[in-house]
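Trainee: Have a look at the structure that comes next, please.
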Amino acid sequence: MGGNSTLLREIQYRLNGVQDRGDLVNHYESPSSVDETLALLAAHRSRARLIAGGTDLVLEMRRGSRPEVEVLVDISRLGGLDRIEQDSEGTIHLGPLVTHGDVVASGLLWERALPLAQASLEVGAPPLQARSTVVGNLVTASPANDTISALTALDAWLTIRSRERGERRVGLDRFFTGNRRTVLSPDEMVTGIGFPALTDSQSGLFLKLGQRMAQAISVVHIAMVIERDPDGVVTMARIALGKVAPVIVRASEAEGVLAGRKLDEETISAAATVSATGLDPQSGVRGTGEYRRRMTEVMVRRGLAALASGDERRNVPSRPVHFGSSVPPTLGESHSHRPGDPIEATVNGMPVITSSGSDLTLLDWLRDVAGPASGSPLTGTKEGCAEGECGSCMVLLDSEAALSCLTPAYRAHRAEVVTVEGLANGRLTPVQEAFCRTGAVQCGYCIPGFLVSATKLLDGIPVPTTEEITTALAGNLCRCTGYYPMIEAVALAGAEQAGARR
């Protein structure tokens, strides 16, 4: 699409169920502390929503399913809320801004919370993992959300705060009241997640069934944690099942079968059989209820067999692909945006100030407002799917990969944005040169997103393996199916850059 692409993108939005480009709210708050955040929630209550990654919320708003939301409260730059820590009592604590990418990059969680690390690795692809938060995944409260079953198996709890009533702790088993419903009040904020670290006598895993290798919504997912004594007898078992009921459910009968027995073939078979007993999953576009029930039994059997053989860590990546920033952005002072208030950003190293675009996504602001305002077209960032699945709109936002179709334009205020036009300063980068040399560019529509992904990968892993390249590019779709030359190009660029550094 060229510069005058608004009409064509409007058609694309309509085809994807998005009502119009002006679906986002005009009142946008960016507090600089938790206390300010709680005050805003107390003032606006049900009219306000917290936004961090926004990967679910922005899409819902653009589809018109959140008409009550008038104020977005952006907490993505609150400092100190992205910590992953284990205290002296063996409890692991996650801050409310911990992303799935942060989990994937955490050695502690791979060692002592394997089900959560495995579940986070299954969330979308690296660009989505870099922005989506674990707390956001919980608050959205869909039974398809992968981390809910993992944290249920880990026996997690949430710390919740409000300005008026203070702090309370809620077990994850009591947090959900139905499909996309929780006990969270409009003036409350989840300020942390806690759960006991797995001990040496405990083991666990997460398994997911989807219709593709990445960017897949679960057909069924399960997580389990078991504890065994020195003789191998099960002394505790928690098995959580996802997408088989309106909320995540425990397979309590299967847990009972395991108690006091060793994980032999007979016990595993019996537990797997009863795990699906009584389940009545809803049928949908991804599978019938009967298929989900049958696959629950199959996956429980596979999971217990893996734990019995000690094979639960077989696919743990040695170098997880992480598209987040090594230095998370923080906001020195709060600011409030209303229609007409300027958006001041640094785009490709140049200051850009605009007085319009407050109701747009970052994608539309870059193409239709910031580009013309700067006198430099920014049409490389493309609209492909309007829902964060194709990667064509990917940019770097404060050094993090961001899907600009799911990011409010106001998030760019006092931030640094790099688009495909900004990857090179007057000359092609090694990655761009490699794409040309290998014939990776076909129609070219998806290429800007692939280039951003490849650049981000090589920043973190200078000489990646083929598997790491494939993982990094999993968030980008090529309609020409030209993936092999792209993988070759990224490998070539990495090898040449490594050689140049010697």
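Following the order of the structure tokens, first chain is A, next is B, and so on, with residues numbered from 1 inside each chain and ligands from 1 in the order they appear.
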Among range 323-394 of chain A, which ones does DSSP place in alpha helix (DSSP H), written as a ChimeraX atom specification?
Mentor: /A:362-365,371-374
Trainee: As an NGL selection string, please: the residues near Pro281 in chain A (cut-off 12 Å, only C-alpha atoms, same-chain neighbours under 2 positions excluded).
Mentor: :A and (143 or 219-220 or 241-249 or 276-279 or 283-284 or 286-296)
Trainee: Go ahead and dump the residues you just picked, N, CA and C atoms, as a compact mmCIF listing (two decimals), in the first residue's frame.
Mentor:
```txt
# COMPACT_ATOMS: atom_id res chain seq x y z
N PRO A 143 -10.64 -19.42 29.22
CA PRO A 143 -10.13 -20.76 29.52
C PRO A 143 -9.11 -21.25 28.50
N VAL A 219 -6.63 -25.69 21.60
CA VAL A 219 -7.78 -26.57 21.51
C VAL A 219 -8.00 -27.19 22.89
N VAL A 220 -6.91 -27.65 23.48
CA VAL A 220 -6.87 -28.14 24.86
C VAL A 220 -5.48 -27.83 25.39
N LEU A 241 -6.78 -28.50 33.78
CA LEU A 241 -7.24 -28.70 32.40
C LEU A 241 -7.80 -27.40 31.85
N GLY A 242 -7.37 -27.03 30.64
CA GLY A 242 -7.83 -25.80 30.01
C GLY A 242 -8.60 -26.03 28.74
N LYS A 243 -9.58 -25.19 28.50
CA LYS A 243 -10.44 -25.19 27.31
C LYS A 243 -11.37 -26.40 27.27
N VAL A 244 -11.70 -26.94 28.44
CA VAL A 244 -12.68 -28.02 28.51
C VAL A 244 -13.89 -27.62 29.34
N ALA A 245 -13.89 -26.37 29.84
CA ALA A 245 -14.98 -25.84 30.66
C ALA A 245 -14.88 -24.32 30.60
N PRO A 246 -15.86 -23.59 31.12
CA PRO A 246 -15.79 -22.12 31.11
C PRO A 246 -14.60 -21.55 31.86
N VAL A 247 -14.05 -22.32 32.80
CA VAL A 247 -12.85 -21.91 33.54
C VAL A 247 -11.88 -23.09 33.56
N ILE A 248 -10.65 -22.82 33.99
CA ILE A 248 -9.70 -23.90 34.18
C ILE A 248 -10.20 -24.79 35.31
N VAL A 249 -10.15 -26.12 35.12
CA VAL A 249 -10.65 -27.05 36.13
C VAL A 249 -9.55 -28.02 36.54
N ALA A 276 -10.79 -37.44 32.04
CA ALA A 276 -11.80 -36.94 31.11
C ALA A 276 -13.22 -37.31 31.52
N THR A 277 -13.36 -38.06 32.61
CA THR A 277 -14.68 -38.47 33.06
C THR A 277 -15.49 -37.27 33.54
N GLY A 278 -16.69 -37.16 33.04
CA GLY A 278 -17.56 -36.06 33.46
C GLY A 278 -17.35 -34.77 32.71
N LEU A 279 -16.32 -34.68 31.88
CA LEU A 279 -16.09 -33.46 31.11
C LEU A 279 -17.12 -33.34 29.98
N SER A 283 -18.24 -27.45 21.95
CA SER A 283 -17.71 -27.54 20.59
C SER A 283 -17.51 -26.14 20.02
N GLY A 284 -16.52 -26.03 19.14
CA GLY A 284 -16.24 -24.74 18.51
C GLY A 284 -15.52 -24.94 17.20
N ARG A 286 -12.46 -24.81 16.54
CA ARG A 286 -11.18 -25.50 16.65
C ARG A 286 -11.32 -26.97 17.03
N GLY A 287 -12.52 -27.40 17.35
CA GLY A 287 -12.69 -28.80 17.70
C GLY A 287 -14.04 -29.06 18.36
N THR A 288 -14.52 -30.27 18.20
CA THR A 288 -15.77 -30.64 18.85
C THR A 288 -15.54 -30.91 20.33
N GLY A 289 -16.61 -30.92 21.10
CA GLY A 289 -16.49 -31.23 22.50
C GLY A 289 -15.95 -32.63 22.74
N GLU A 290 -16.38 -33.58 21.95
CA GLU A 290 -15.91 -34.95 22.10
C GLU A 290 -14.42 -35.06 21.79
N TYR A 291 -13.97 -34.32 20.77
CA TYR A 291 -12.55 -34.33 20.44
C TYR A 291 -11.73 -33.76 21.59
N ARG A 292 -12.21 -32.66 22.18
CA ARG A 292 -11.50 -32.07 23.31
C ARG A 292 -11.46 -33.05 24.50
N ARG A 293 -12.57 -33.73 24.75
CA ARG A 293 -12.60 -34.67 25.86
C ARG A 293 -11.61 -35.81 25.63
N ARG A 294 -11.61 -36.35 24.41
CA ARG A 294 -10.71 -37.45 24.09
C ARG A 294 -9.25 -37.01 24.18
N MET A 295 -8.95 -35.81 23.67
CA MET A 295 -7.56 -35.35 23.68
C MET A 295 -7.09 -34.99 25.09
N THR A 296 -8.01 -34.64 25.97
CA THR A 296 -7.63 -34.43 27.36
C THR A 296 -7.05 -35.72 27.95
```
Trainee: When you count only C-alpha atoms, which of these residues is closest to Cys446 in chain A: A:Gly210, A:Gly101, A:Pro408, A:Gly482?
Mentor: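 Closest candidate: A:Gly482.
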Trainee: Show me, as a ChimeraX atom specification, the residues that have an atom within 7 Å of Leu59 in chain A when counting only C-alpha atoms, minus same-chain residues fewer than 4 positions from it.
Mentor: /A:55,63,387,406
Trainee: Any chance you can output those residues with N, CA and C atoms as a PDB file, in the first residue's frame?
Mentor:
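What landed in part.pdb:
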```
ATOM      1  N   THR A  55      -2.471  -6.504  24.192  1.00  0.00           N
ATOM      2  CA  THR A  55      -2.636  -7.413  23.059  1.00  0.00           C
ATOM      3  C   THR A  55      -4.030  -8.017  22.977  1.00  0.00           C
ATOM      4  N   ARG A  63     -13.007  -3.994  18.056  1.00  0.00           N
ATOM      5  CA  ARG A  63     -14.140  -4.802  17.575  1.00  0.00           C
ATOM      6  C   ARG A  63     -15.457  -4.365  18.202  1.00  0.00           C
ATOM      7  N   GLU A 387      -5.110  -7.894  13.768  1.00  0.00           N
ATOM      8  CA  GLU A 387      -5.288  -8.527  15.072  1.00  0.00           C
ATOM      9  C   GLU A 387      -4.002  -9.129  15.633  1.00  0.00           C
ATOM     10  N   LEU A 406      -1.844  -3.273  17.522  1.00  0.00           N
ATOM     11  CA  LEU A 406      -2.426  -3.527  18.832  1.00  0.00           C
ATOM     12  C   LEU A 406      -1.917  -2.540  19.881  1.00  0.00           C
TER      13      LEU A 406
END
```
Trainee: Compare A:Ser162, A:Thr177, A:Thr465, A:Ser46 by their minimum atom-to-atom distance to Ser318 in chain A, counting only C-alpha atoms, and give me the closest one.
Mentor: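 Residue with the minimum atom-to-atom distance to Ser318 in chain A: A:Thr465.
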Trainee: Which residues of range 361-414 of chain A come within 12 Å of range 64-79 of chain A, and what is each one's closest atom pair and distance in Å (one decimal), counting only C-alpha atoms, sorted by chain and residue number, as a tab-separated table?
Mentor:
```
residue	atom	partner	partner_atom	distance
A:Leu397	CA	A:Ser76	CA	11.6
A:Asp398	CA	A:Arg77	CA	10.2
A:Glu400	CA	A:Ser76	CA	11.8
A:Thr407	CA	A:Asp74	CA	10.9
A:Pro408	CA	A:Leu72	CA	9.5
A:Ala409	CA	A:Asp74	CA	11.7
A:Tyr410	CA	A:Asp74	CA	9.3
A:Arg411	CA	A:Asp74	CA	7.9
A:Ala412	CA	A:Asp74	CA	11.5
A:His413	CA	A:Arg77	CA	11.4
A:Arg414	CA	A:Arg77	CA	10.8
```
Trainee: Export N, CA and C atoms of the chosen residues as a PDB file, in the first residue's frame?
Mentor:
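Saved as selection.pdb:
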```pdb
ATOM      1  N   LEU A 397       9.497  -0.474  19.818  1.00  0.00           N
ATOM      2  CA  LEU A 397       8.978   0.571  20.690  1.00  0.00           C
ATOM      3  C   LEU A 397       9.788   0.538  21.978  1.00  0.00           C
ATOM      4  N   ASP A 398      10.584   1.572  22.194  1.00  0.00           N
ATOM      5  CA  ASP A 398      11.513   1.576  23.330  1.00  0.00           C
ATOM      6  C   ASP A 398      12.331   0.293  23.356  1.00  0.00           C
ATOM      7  N   GLU A 400      11.679  -2.615  22.348  1.00  0.00           N
ATOM      8  CA  GLU A 400      10.926  -3.861  22.386  1.00  0.00           C
ATOM      9  C   GLU A 400      10.169  -4.053  21.080  1.00  0.00           C
ATOM     10  N   THR A 407      -1.300  -1.469  19.437  1.00  0.00           N
ATOM     11  CA  THR A 407      -0.710  -0.495  20.360  1.00  0.00           C
ATOM     12  C   THR A 407      -1.358   0.863  20.156  1.00  0.00           C
ATOM     13  N   PRO A 408      -1.903   1.465  21.211  1.00  0.00           N
ATOM     14  CA  PRO A 408      -2.481   2.814  21.055  1.00  0.00           C
ATOM     15  C   PRO A 408      -1.410   3.828  20.664  1.00  0.00           C
ATOM     16  N   ALA A 409      -1.794   4.788  19.847  1.00  0.00           N
ATOM     17  CA  ALA A 409      -0.835   5.806  19.408  1.00  0.00           C
ATOM     18  C   ALA A 409      -0.246   6.571  20.583  1.00  0.00           C
ATOM     19  N   TYR A 410      -1.041   6.797  21.625  1.00  0.00           N
ATOM     20  CA  TYR A 410      -0.547   7.558  22.772  1.00  0.00           C
ATOM     21  C   TYR A 410       0.630   6.880  23.463  1.00  0.00           C
ATOM     22  N   ARG A 411       0.791   5.580  23.286  1.00  0.00           N
ATOM     23  CA  ARG A 411       1.921   4.904  23.906  1.00  0.00           C
ATOM     24  C   ARG A 411       3.249   5.414  23.345  1.00  0.00           C
ATOM     25  N   ALA A 412       3.203   6.033  22.187  1.00  0.00           N
ATOM     26  CA  ALA A 412       4.424   6.571  21.590  1.00  0.00           C
ATOM     27  C   ALA A 412       4.867   7.882  22.235  1.00  0.00           C
ATOM     28  N   HIS A 413       4.001   8.484  23.033  1.00  0.00           N
ATOM     29  CA  HIS A 413       4.352   9.766  23.661  1.00  0.00           C
ATOM     30  C   HIS A 413       5.564   9.576  24.576  1.00  0.00           C
ATOM     31  N   ARG A 414       6.583  10.391  24.336  1.00  0.00           N
ATOM     32  CA  ARG A 414       7.835  10.338  25.093  1.00  0.00           C
ATOM     33  C   ARG A 414       8.501   8.965  24.985  1.00  0.00           C
TER      34      ARG A 414
END
```
Trainee: What are the DSSP strand (DSSP E) residues of range 105-239 of chain A, as a ChimeraX atom specification?
Mentor: /A:157-162,166-171,176-178,181-182,188-196,202-209,220-228,234-239
Trainee: In Å to one decimal, how far is CA of Ser309 in chain A from CA of Glu265 in chain A?
Mentor: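 Taking CA of Glu265 in chain A as the start and CA of Ser309 in chain A as the end point, the length is 11.1 Å.
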Trainee: Between A:Val34, A:Val347, A:Ala216, A:Val25, which is the closest to Ser399 in chain A once you count only C-alpha atoms?
Mentor: A:Val347
Trainee: Of the candidates A:Cys390, A:Pro464, A:Ala489, A:Ile447, which shows the shortest atom-to-atom distance to Val431 in chain A, using only C-alpha atoms?
Mentor: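 Residue with the minimum atom-to-atom distance to Val431 in chain A: A:Ala489.
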Trainee: I want to know what sits within 10 Å of Leu304 in chain A, based on only C-alpha atoms, with residues of the same chain fewer than 6 positions away left out; could you give that as an MDAnalysis selection string?
Mentor: chainID A and resid 204:205 224:226 239 258 263:265 267:269 271:272 310:312
Trainee: Under the rule that only C-alpha atoms are counted, which of A:Thr455, A:Ser106, A:Asn179, A:Thr199 is the nearest residue to Glu89 in chain A?
Mentor: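 Selected residue with least distance to Glu89 in chain A: A:Thr199.
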